[in-house]
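What follows is the content of target.cif, which has mmCIF, C-alpha atoms and all ligand atoms:
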```
data_data
loop_
_atom_site.label_atom_id
_atom_site.label_comp_id
_atom_site.auth_asym_id
_atom_site.auth_seq_id
_atom_site.Cartn_x
_atom_site.Cartn_y
_atom_site.Cartn_z
CA MET A 45 8.82 -12.33 -14.49
CA GLU A 46 11.36 -10.04 -12.84
CA THR A 47 10.05 -7.94 -10.02
CA ASN A 48 11.90 -4.70 -10.68
CA ASN A 49 10.12 -3.92 -13.94
CA ILE A 50 6.65 -3.52 -12.45
CA LEU A 51 6.51 0.25 -13.10
CA GLU A 52 7.27 -0.21 -16.78
CA PHE A 53 4.70 -3.00 -16.87
CA ILE A 54 2.02 -0.76 -15.33
CA CYS A 55 2.73 2.16 -17.64
CA ASN A 56 2.63 0.08 -20.81
CA ILE A 57 -0.15 -2.42 -20.26
CA PRO A 58 -3.29 -1.56 -22.29
CA LYS A 59 -6.10 -0.44 -20.01
CA ALA A 60 -9.47 1.31 -19.74
CA GLU A 61 -10.51 4.11 -17.41
CA LEU A 62 -14.11 4.02 -16.17
CA HIS A 63 -14.31 6.69 -13.49
CA VAL A 64 -13.04 10.13 -14.40
CA HIS A 65 -14.96 13.42 -14.11
CA ILE A 66 -14.03 15.71 -16.98
CA GLU A 67 -14.33 18.73 -14.65
CA GLY A 68 -11.83 16.98 -12.38
CA THR A 69 -9.21 16.91 -15.14
CA PHE A 70 -9.09 20.74 -15.23
CA GLU A 71 -5.39 21.44 -14.56
CA PRO A 72 -4.59 24.83 -12.97
CA GLU A 73 -2.53 25.94 -16.02
CA LEU A 74 -5.48 25.34 -18.37
CA MET A 75 -7.88 26.90 -15.84
CA PHE A 76 -5.89 30.15 -15.83
CA GLU A 77 -5.65 30.13 -19.63
CA ILE A 78 -9.38 29.56 -20.16
CA ALA A 79 -10.38 32.00 -17.39
CA ALA A 80 -8.25 34.71 -19.04
CA ARG A 81 -9.83 34.27 -22.46
CA ASN A 82 -13.30 34.37 -20.85
CA HIS A 83 -12.37 37.52 -18.85
CA ILE A 84 -12.93 35.72 -15.56
CA THR A 85 -10.74 36.51 -12.55
CA LEU A 86 -9.86 33.53 -10.39
CA LYS A 87 -9.64 33.90 -6.63
CA TYR A 88 -6.03 32.67 -6.64
CA ARG A 89 -2.94 34.68 -7.59
CA ASP A 90 -1.37 32.02 -9.77
CA VAL A 91 -1.15 28.32 -10.56
CA GLU A 92 0.98 27.58 -7.47
CA ALA A 93 -1.46 29.34 -5.11
CA LEU A 94 -4.34 27.38 -6.63
CA ARG A 95 -2.48 24.06 -6.26
CA GLU A 96 -1.69 24.90 -2.63
CA ALA A 97 -5.41 25.21 -1.94
CA TYR A 98 -5.90 21.55 -2.92
CA GLN A 99 -5.87 20.16 0.60
CA PHE A 100 -9.05 18.44 1.64
CA ARG A 101 -10.30 16.86 4.84
CA ASN A 102 -13.34 15.29 3.17
CA LEU A 103 -15.41 15.08 -0.02
CA GLN A 104 -17.33 18.32 0.62
CA GLU A 105 -14.19 20.44 0.99
CA PHE A 106 -13.05 19.15 -2.39
CA LEU A 107 -16.44 19.67 -4.05
CA ASP A 108 -16.58 23.29 -2.90
CA ILE A 109 -13.34 24.10 -4.77
CA TYR A 110 -14.14 21.85 -7.73
CA TYR A 111 -17.45 23.59 -8.43
CA ILE A 112 -15.75 27.01 -8.27
CA GLY A 113 -13.10 25.84 -10.77
CA SER A 114 -15.79 24.76 -13.23
CA ARG A 115 -17.07 28.37 -13.43
CA ALA A 116 -14.23 29.22 -15.84
CA LEU A 117 -15.76 26.90 -18.49
CA LYS A 118 -18.11 28.86 -20.74
CA THR A 119 -17.86 27.90 -24.41
CA GLU A 120 -17.90 24.81 -26.58
CA ARG A 121 -14.22 25.42 -27.26
CA ASP A 122 -13.49 25.37 -23.49
CA PHE A 123 -15.06 21.91 -23.15
CA TYR A 124 -13.30 20.75 -26.31
CA ASP A 125 -9.91 21.89 -25.00
CA LEU A 126 -10.49 20.41 -21.54
CA THR A 127 -11.49 17.04 -22.99
CA THR A 128 -8.65 17.02 -25.54
CA SER A 129 -6.16 17.74 -22.80
CA TYR A 130 -7.40 14.77 -20.72
CA LEU A 131 -7.53 12.44 -23.74
CA THR A 132 -3.98 13.36 -24.77
CA LYS A 133 -2.76 12.47 -21.29
CA ALA A 134 -4.87 9.31 -21.20
CA ALA A 135 -3.56 8.10 -24.58
CA SER A 136 0.03 8.68 -23.39
CA GLN A 137 -0.71 6.32 -20.47
CA ASN A 138 -1.86 3.51 -22.78
CA ILE A 139 -5.53 3.96 -22.01
CA LEU A 140 -7.36 2.54 -25.04
CA HIS A 141 -10.90 3.22 -23.86
CA THR A 142 -12.34 5.72 -21.37
CA GLU A 143 -15.83 6.41 -20.00
CA ILE A 144 -16.02 10.06 -19.02
CA PHE A 145 -18.44 11.60 -16.51
CA PHE A 146 -19.73 15.13 -16.86
CA ASP A 147 -22.00 17.20 -14.59
CA PRO A 148 -24.53 19.10 -16.76
CA GLN A 149 -26.25 20.73 -13.76
CA THR A 150 -23.03 22.41 -12.64
CA HIS A 151 -22.71 24.11 -16.03
CA HIS A 152 -26.42 24.93 -16.19
CA GLU A 153 -26.02 26.79 -12.88
CA ASN A 154 -23.06 28.61 -14.48
CA GLY A 155 -25.29 29.69 -17.37
CA VAL A 156 -23.93 27.20 -19.91
CA ALA A 157 -26.51 25.21 -21.85
CA PHE A 158 -26.41 21.41 -22.19
CA PRO A 159 -25.68 21.37 -25.98
CA VAL A 160 -22.66 23.65 -25.53
CA VAL A 161 -21.13 21.36 -22.89
CA PHE A 162 -21.98 18.13 -24.64
CA THR A 163 -20.89 19.17 -28.14
CA GLY A 164 -17.49 20.35 -26.89
CA ILE A 165 -16.86 17.05 -25.12
CA TYR A 166 -18.23 14.91 -27.94
CA ASP A 167 -16.27 16.63 -30.72
CA ALA A 168 -13.07 16.18 -28.72
CA LEU A 169 -13.80 12.46 -28.38
CA GLN A 170 -14.39 12.11 -32.13
CA ASP A 171 -11.14 13.92 -32.96
CA ALA A 172 -9.12 11.98 -30.37
CA GLU A 173 -10.28 8.70 -31.82
CA LYS A 174 -8.88 9.81 -35.23
CA ASN A 175 -5.75 11.55 -33.96
CA LEU A 176 -4.75 9.62 -30.84
CA GLY A 177 -6.37 6.21 -31.30
CA ILE A 178 -8.22 6.40 -27.98
CA HIS A 179 -11.92 5.53 -27.81
CA GLY A 180 -14.28 7.23 -25.39
CA ASP A 181 -17.88 7.24 -24.21
CA VAL A 182 -19.80 9.71 -22.08
CA ILE A 183 -21.88 9.26 -18.91
CA MET A 184 -23.86 12.21 -17.55
CA CYS A 185 -24.17 12.47 -13.79
CA PHE A 186 -26.98 13.90 -11.73
CA LEU A 187 -25.85 15.99 -8.77
CA ARG A 188 -27.30 14.32 -5.70
CA HIS A 189 -27.29 17.51 -3.58
CA LEU A 190 -29.92 18.92 -5.97
CA ASP A 191 -33.52 17.73 -6.10
CA GLU A 192 -35.38 15.23 -8.23
CA ALA A 193 -37.03 17.95 -10.36
CA SER A 194 -33.65 19.30 -11.39
CA ALA A 195 -32.47 15.79 -12.31
CA PHE A 196 -35.62 15.27 -14.42
CA ALA A 197 -35.05 18.59 -16.21
CA THR A 198 -31.48 17.48 -16.98
CA LEU A 199 -32.70 14.15 -18.33
CA GLN A 200 -35.03 16.06 -20.67
CA GLN A 201 -32.14 18.19 -21.94
CA ALA A 202 -30.13 15.04 -22.64
CA LEU A 203 -32.77 13.25 -24.68
CA PRO A 204 -31.87 14.85 -28.06
CA PHE A 205 -28.34 13.45 -27.55
CA LYS A 206 -29.33 10.11 -26.11
CA ASP A 207 -27.72 8.01 -28.84
CA LYS A 208 -24.37 9.59 -28.00
CA ILE A 209 -24.54 9.20 -24.20
CA ILE A 210 -24.16 5.69 -22.80
CA GLY A 211 -25.36 6.16 -19.28
CA VAL A 212 -26.41 8.18 -16.28
CA GLY A 213 -24.58 8.41 -12.97
CA LEU A 214 -25.01 10.01 -9.55
CA ASP A 215 -22.31 12.10 -7.91
CA SER A 216 -21.61 15.03 -5.52
CA SER A 217 -22.23 15.10 -1.74
CA GLU A 218 -23.09 11.55 -0.73
CA SER A 219 -23.84 11.86 3.00
CA GLY A 220 -27.46 12.88 3.53
CA ASN A 221 -28.39 12.40 -0.15
CA PRO A 222 -29.51 8.76 -0.35
CA PRO A 223 -30.15 6.90 -3.60
CA HIS A 224 -33.91 6.70 -2.98
CA LYS A 225 -34.19 10.45 -3.81
CA PHE A 226 -33.57 9.48 -7.43
CA VAL A 227 -35.53 6.26 -7.93
CA ARG A 228 -38.00 7.76 -10.41
CA VAL A 229 -35.47 9.63 -12.50
CA PHE A 230 -33.23 6.55 -12.75
CA GLU A 231 -36.27 4.50 -13.77
CA ALA A 232 -37.06 7.06 -16.51
CA ALA A 233 -33.42 7.13 -17.64
CA ARG A 234 -33.27 3.34 -17.91
CA GLN A 235 -36.55 3.37 -19.85
CA ALA A 236 -34.95 5.85 -22.24
CA GLY A 237 -32.11 3.39 -22.86
CA PHE A 238 -29.35 4.64 -20.56
CA VAL A 239 -27.34 2.25 -18.41
CA ALA A 240 -27.08 3.37 -14.79
CA VAL A 241 -24.16 3.76 -12.42
CA ALA A 242 -23.85 5.63 -9.11
CA HIS A 243 -21.25 6.77 -6.63
CA ALA A 244 -22.00 4.73 -3.52
CA GLY A 245 -20.17 3.88 -0.32
CA GLU A 246 -17.41 6.44 -0.86
CA GLU A 247 -18.26 8.36 2.35
CA GLY A 248 -21.83 7.12 2.63
CA PRO A 249 -22.94 3.97 4.45
CA VAL A 250 -23.04 0.49 2.94
CA ASP A 251 -26.87 0.81 2.78
CA TYR A 252 -26.35 3.33 -0.03
CA ILE A 253 -24.60 0.61 -2.03
CA HIS A 254 -27.48 -1.83 -1.42
CA ASP A 255 -30.04 0.82 -2.35
CA SER A 256 -28.15 1.87 -5.48
CA LEU A 257 -28.24 -1.75 -6.63
CA ASP A 258 -31.79 -2.57 -5.55
CA LEU A 259 -33.59 0.74 -6.14
CA LEU A 260 -31.59 2.48 -8.87
CA LYS A 261 -30.71 -0.83 -10.57
CA ILE A 262 -27.18 0.24 -11.36
CA SER A 263 -24.87 -1.94 -13.45
CA ARG A 264 -21.65 -0.69 -11.85
CA ILE A 265 -20.72 0.88 -8.50
CA ASP A 266 -18.47 3.96 -8.37
CA HIS A 267 -16.07 3.70 -5.41
CA GLY A 268 -17.94 1.16 -3.24
CA ASN A 269 -15.26 1.27 -0.52
CA ASN A 270 -17.76 0.66 2.24
CA SER A 271 -18.66 -2.74 0.82
CA LYS A 272 -15.53 -3.90 2.65
CA ASP A 273 -17.28 -4.90 5.90
CA ASP A 274 -20.31 -6.58 4.33
CA ALA A 275 -19.36 -10.16 3.46
CA LEU A 276 -22.72 -10.97 1.89
CA LEU A 277 -22.58 -7.90 -0.34
CA ILE A 278 -19.04 -8.80 -1.43
CA GLN A 279 -20.23 -12.30 -2.27
CA LYS A 280 -23.20 -10.93 -4.23
CA ILE A 281 -21.24 -8.43 -6.34
CA ALA A 282 -18.54 -11.02 -7.02
CA GLN A 283 -21.07 -13.64 -8.13
CA GLN A 284 -23.11 -11.21 -10.22
CA ARG A 285 -19.95 -9.61 -11.59
CA ILE A 286 -21.09 -6.10 -10.68
CA PRO A 287 -17.90 -4.05 -11.00
CA LEU A 288 -16.48 -1.43 -8.66
CA THR A 289 -14.63 1.58 -10.06
CA MET A 290 -12.17 2.38 -7.28
CA CYS A 291 -10.01 5.49 -7.07
CA PRO A 292 -7.04 5.10 -4.70
CA LEU A 293 -5.46 8.58 -4.83
CA SER A 294 -8.89 10.20 -4.54
CA ASN A 295 -9.59 8.10 -1.44
CA LEU A 296 -6.29 9.16 0.07
CA LYS A 297 -6.70 12.89 -0.73
CA LEU A 298 -10.31 12.98 0.54
CA GLN A 299 -9.35 10.97 3.63
CA VAL A 300 -11.69 8.09 2.81
CA VAL A 301 -8.64 6.01 3.79
CA LYS A 302 -5.93 7.40 6.07
CA ASP A 303 -3.24 5.27 4.46
CA LEU A 304 -3.34 3.42 1.12
CA ARG A 305 -2.09 0.31 2.92
CA HIS A 306 -5.61 0.10 4.37
CA HIS A 307 -7.32 0.34 0.99
CA PRO A 308 -9.82 -2.51 0.38
CA LEU A 309 -8.86 -3.13 -3.28
CA LYS A 310 -6.68 -6.21 -2.71
CA THR A 311 -9.16 -7.89 -0.36
CA LEU A 312 -11.91 -7.31 -2.91
CA LEU A 313 -9.79 -8.75 -5.74
CA ASP A 314 -8.97 -11.77 -3.57
CA ASN A 315 -12.74 -12.22 -3.13
CA LYS A 316 -13.15 -12.23 -6.93
CA VAL A 317 -14.85 -8.83 -7.13
CA VAL A 318 -14.45 -7.14 -10.53
CA ALA A 319 -12.59 -4.18 -9.03
CA THR A 320 -10.91 -1.57 -11.22
CA VAL A 321 -8.48 1.32 -10.67
CA ASN A 322 -9.34 4.85 -11.86
CA SER A 323 -8.31 8.47 -11.33
CA ASP A 324 -11.63 10.26 -10.43
CA ASP A 325 -10.39 13.89 -10.48
CA PRO A 326 -6.71 13.66 -11.44
CA ALA A 327 -6.00 17.41 -11.60
CA TYR A 328 -6.98 17.69 -7.93
CA PHE A 329 -5.64 14.43 -6.50
CA GLY A 330 -2.09 14.37 -7.80
CA GLY A 331 -2.16 11.63 -10.39
CA TYR A 332 -3.67 10.22 -13.56
CA LEU A 333 -4.40 6.55 -14.10
CA ASN A 334 -0.85 5.17 -14.11
CA GLU A 335 0.00 7.08 -10.92
CA ASN A 336 -3.05 5.49 -9.29
CA TYR A 337 -1.93 2.01 -10.37
CA ILE A 338 1.60 2.69 -9.10
CA ALA A 339 0.45 4.11 -5.75
CA ILE A 340 -1.82 1.17 -5.02
CA GLN A 341 0.72 -1.37 -6.33
CA GLN A 342 3.32 -0.04 -3.90
CA ALA A 343 0.93 0.25 -0.93
CA LEU A 344 -0.64 -3.19 -1.31
CA GLU A 345 2.39 -4.94 -2.83
CA LEU A 346 0.48 -5.96 -5.95
CA TRP A 347 2.44 -7.89 -8.57
CA HIS A 348 2.15 -8.59 -12.26
CA ASP A 349 -0.79 -10.98 -11.97
CA ASP A 350 -2.82 -8.44 -9.99
CA ILE A 351 -2.04 -5.73 -12.55
CA ILE A 352 -3.13 -8.04 -15.38
CA THR A 353 -6.37 -8.76 -13.51
CA LEU A 354 -6.99 -5.03 -12.97
CA ALA A 355 -6.36 -4.22 -16.63
CA LYS A 356 -8.61 -7.07 -17.81
CA ASN A 357 -11.27 -6.05 -15.29
CA SER A 358 -11.19 -2.51 -16.69
CA PHE A 359 -12.34 -3.79 -20.08
CA GLU A 360 -14.73 -6.37 -18.68
CA ALA A 361 -16.38 -3.69 -16.52
CA SER A 362 -16.75 -1.23 -19.42
CA PHE A 363 -19.92 -0.66 -21.44
CA ILE A 364 -18.39 -1.60 -24.81
CA ASP A 365 -19.79 -4.67 -26.57
CA ALA A 366 -18.61 -8.20 -25.86
CA ALA A 367 -16.62 -8.58 -29.09
CA GLN A 368 -14.72 -5.33 -28.47
CA LYS A 369 -13.98 -6.44 -24.91
CA GLN A 370 -12.42 -9.64 -26.23
CA THR A 371 -10.31 -7.69 -28.73
CA TYR A 372 -8.92 -5.48 -25.96
CA ILE A 373 -8.34 -8.43 -23.62
CA LYS A 374 -6.38 -10.19 -26.38
CA ARG A 375 -4.23 -7.07 -26.65
CA ILE A 376 -3.39 -7.47 -22.97
CA ASP A 377 -2.44 -11.13 -23.51
CA THR A 378 -0.19 -10.16 -26.44
CA PHE A 379 1.38 -7.37 -24.39
CA VAL A 380 2.11 -9.78 -21.52
CA SER A 381 3.70 -12.44 -23.73
CA ASP A 382 5.83 -9.82 -25.53
CA PHE A 383 6.85 -8.38 -22.18
CA ASN A 384 7.87 -11.79 -20.88
CA ALA A 385 9.86 -12.49 -24.05
CA SER A 386 11.76 -9.21 -23.90
N1 LIG B 1 -17.64 14.59 -8.22
C1 LIG B 1 -16.37 14.61 -8.62
N2 LIG B 1 -15.63 13.76 -7.90
C2 LIG B 1 -16.46 13.19 -7.00
C3 LIG B 1 -16.31 12.21 -5.98
N3 LIG B 1 -15.13 11.66 -5.70
N4 LIG B 1 -17.39 11.87 -5.26
C4 LIG B 1 -18.58 12.43 -5.52
N5 LIG B 1 -18.78 13.33 -6.46
C5 LIG B 1 -17.74 13.71 -7.20
ZN ZN B 2 -16.13 10.19 -8.85
#
```
Would you encode the structure as structure tokens?
Ligand code: ADE
Ligand code: ZN
Amino acid sequence: METNNILEFICNIPKAELHVHIEGTFEPELMFEIAARNHITLKYRDVEALREAYQFRNLQEFLDIYYIGSRALKTERDFYDLTTSYLTKAASQNILHTEIFFDPQTHHENGVAFPVVFTGIYDALQDAEKNLGIHGDVIMCFLRHLDEASAFATLQQALPFKDKIIGVGLDSSESGNPPHKFVRVFEAARQAGFVAVAHAGEEGPVDYIHDSLDLLKISRIDHGNNSKDDALLIQKIAQQRIPLTMCPLSNLKLQVVKDLRHHPLKTLLDNKVVATVNSDDPAYFGGYLNENYIAIQQALELWHDDIITLAKNSFEASFIDAAQKQTYIKRIDTFVSDFNAS
């Protein structure tokens, strides 16, 4: 395979996205449009001024702005438009399947009820499957800076929709909010039939990854960067095929890594970890999925075989059924042989 066609290869290979917060796909242009129709005045003069504010020294500085941005979202139509806008972009990047996070407690605090949020997102997914050929599932996250009682109340609100939500996750401020705060609510969620994932080891210590696995019994780790210095943990997640959903541009923008050349993705792949590439909050971090693949490819000098592994991992690590996974993985094989023949 030639080496100068890697960008085309990345953009066209079929792939899944497994770590994207719908609130983090809220582009400034759409934020101004939706704020105007809801008669909300944003703190920033215009789109450029808002984009200029997107400079973060850590996760908390980002979260502070991200939660303010979400206040513009009020109606079912707002969530429908937000989700449709992300799915349109995702389909254009050859994403065939996506698992979308949303933060019900953020919207509850903004006075927006669970069914309003969920119905807007879900209807957009149904329409995108028909109109764009992209499939999507939904994972609801608990905000870890809030308490257990609030997480339990959110779980209750989700139960009427439980057949349409695949899993629960854990996000927001990691440092000082350990997984053990949420043991009982994760237990209840798993009993109700949800799979479990959690952000762990993004800024927090490697113990939070161990505890997410052992106490919350998660099936997939979001970020997991701080697994990099724990050889036994790396061996365990590789052997048990517990995937990591990594987010290179997010890590760079939130200064989890100072330089993408120091990102642990390649070392983890070389150790047979089921690592994947994702966009996290693309409207805030300067790139959707393909831009994340390109940035990490350039920084770590990944080549076609690594990209194929990442794309196959993205389907293997997803929560679709085994037969569907095989169908998607075959599509990658067909894409690669056509690409080689062209
Ligand atoms: N919510 C949205 N993006 C997040 C991230 N990168 N870490 C934790 N919580 C988040
Ligand atoms: Zn995230």
Please write out the residues within 6 Å of ligand LIG 1 (chain B) as an mmCIF file with C-alpha atoms, in the coordinates of the input, counting only C-alpha atoms and all ligand atoms.
```cif
data_model
loop_
_atom_site.group_PDB
_atom_site.id
_atom_site.type_symbol
_atom_site.label_atom_id
_atom_site.label_comp_id
_atom_site.auth_asym_id
_atom_site.auth_seq_id
_atom_site.Cartn_x
_atom_site.Cartn_y
_atom_site.Cartn_z
ATOM 1 C CA HIS A 65 -14.960 13.420 -14.110
ATOM 2 C CA ASP A 215 -22.310 12.100 -7.910
ATOM 3 C CA SER A 216 -21.610 15.030 -5.520
ATOM 4 C CA SER A 217 -22.230 15.100 -1.740
ATOM 5 C CA ASP A 324 -11.630 10.260 -10.430
ATOM 6 C CA ASP A 325 -10.390 13.890 -10.480
#
```
With a cut-off of 10 Å, could you pull out the residues of chain A touching ligand ZN 2 (chain B) and give me the nearest pair of atoms for each, distance in Å to one decimal, using only C-alpha atoms and all ligand atoms, ordered by chain and ascending number, as a Markdown table?
```
| residue | atom | partner | partner_atom | distance |
| --- | --- | --- | --- | --- |
| A:Leu62 | CA | B:ZN2 | ZN | 9.8 |
| A:His63 | CA | B:ZN2 | ZN | 6.1 |
| A:Val64 | CA | B:ZN2 | ZN | 6.4 |
| A:His65 | CA | B:ZN2 | ZN | 6.3 |
| A:Gly68 | CA | B:ZN2 | ZN | 8.8 |
| A:Phe145 | CA | B:ZN2 | ZN | 8.1 |
| A:Cys185 | CA | B:ZN2 | ZN | 9.7 |
| A:Gly213 | CA | B:ZN2 | ZN | 9.6 |
| A:Leu214 | CA | B:ZN2 | ZN | 8.9 |
| A:Asp215 | CA | B:ZN2 | ZN | 6.5 |
| A:Ser216 | CA | B:ZN2 | ZN | 8.0 |
| A:Ala242 | CA | B:ZN2 | ZN | 9.0 |
| A:His243 | CA | B:ZN2 | ZN | 6.5 |
| A:Ala244 | CA | B:ZN2 | ZN | 9.6 |
| A:Glu246 | CA | B:ZN2 | ZN | 8.9 |
| A:Asp266 | CA | B:ZN2 | ZN | 6.7 |
| A:His267 | CA | B:ZN2 | ZN | 7.3 |
| A:Thr289 | CA | B:ZN2 | ZN | 8.8 |
| A:Met290 | CA | B:ZN2 | ZN | 8.9 |
| A:Cys291 | CA | B:ZN2 | ZN | 7.9 |
| A:Ser294 | CA | B:ZN2 | ZN | 8.4 |
| A:Asn322 | CA | B:ZN2 | ZN | 9.1 |
| A:Ser323 | CA | B:ZN2 | ZN | 8.4 |
| A:Asp324 | CA | B:ZN2 | ZN | 4.8 |
| A:Asp325 | CA | B:ZN2 | ZN | 7.0 |
```
(request) Just give me the gap between CA of Asn138 (chain A) and CA of Ala367 (chain A) in Å, one decimal is fine. (result) 20.1 Å
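You will find CA of Asp191 (chain A) at 22.3 Å from CA of Asn102 (chain A).
Of the listed residues (A:Gln235, A:Ser271, A:Thr142, A:Thr127), A:Ser271 comes nearest to Ile253 (chain A); the distances count all atoms listed in the file.
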(message) Just want the 10 Å neighbourhood of Phe238 (chain A), counted on all atoms listed in the file, with same-chain residues fewer than 6 positions away dropped. Output as a PyMOL selection string.
(response) chain A and resi 183-184+206-207+209-213+230-232
(message) Env of Leu140 (chain A): 8 Å cut, atoms = only C-alpha atoms, seq-sep filter 6 positions within chain, self excluded. Answer as number ranges by chain.
(response) A: 58-60, 177-179
(message) Would you compute the distance between CA of Ala319 (chain A) and CA of Tyr110 (chain A)? Give it in Å to one decimal.
(response) 26.1 Å
(message) Please list as a ChimeraX atom specification every residue within 8 Å of Val321 (chain A), counting all atoms listed in the file and excluding residues in the same chain fewer than 6 positions away.
(response) /A:61,289-292,333,336-337,354,358
(request) Would you mind telling me which residue in A:Tyr166, A:Phe359, A:Tyr98, A:Phe158 lies nearest to Gln200 (chain A) when using all atoms listed in the file? (result) A:Phe158
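Of the residues listed (A:Ile376, A:Leu203, A:Leu313, A:Leu298), A:Leu313 shows the shortest atom-to-atom separation from Leu346 (chain A); distances use all atoms listed in the file.
The smallest atom-to-atom distance between Ala116 (chain A) and any of A:Leu312, A:Val229, A:Leu86, A:Leu51, using all atoms listed in the file, is found for A:Leu86.
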(request) Step by step: start from the point (-17.5, -9.0, -0.2) in the file's coordinates, keep every protein, DNA or RNA residue that has an atom no farther than 12 Å from it, count all atoms listed in the file, and write the set as a PyMOL selection string. (result) chain A and resi 250+268-288+308-319
(request) Name the closest residue to Tyr372 (chain A) among the candidates A:Ile144, A:Ile57, A:Leu176, A:Ala193; distances are taken between atoms, counting all atoms listed in the file. (result) A:Ile57
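When only C-alpha atoms are used to measure the gap to Glu77 (chain A), the shortest distance among A:Tyr111, A:Val161, A:Thr132, A:Asp125 belongs to A:Asp125.
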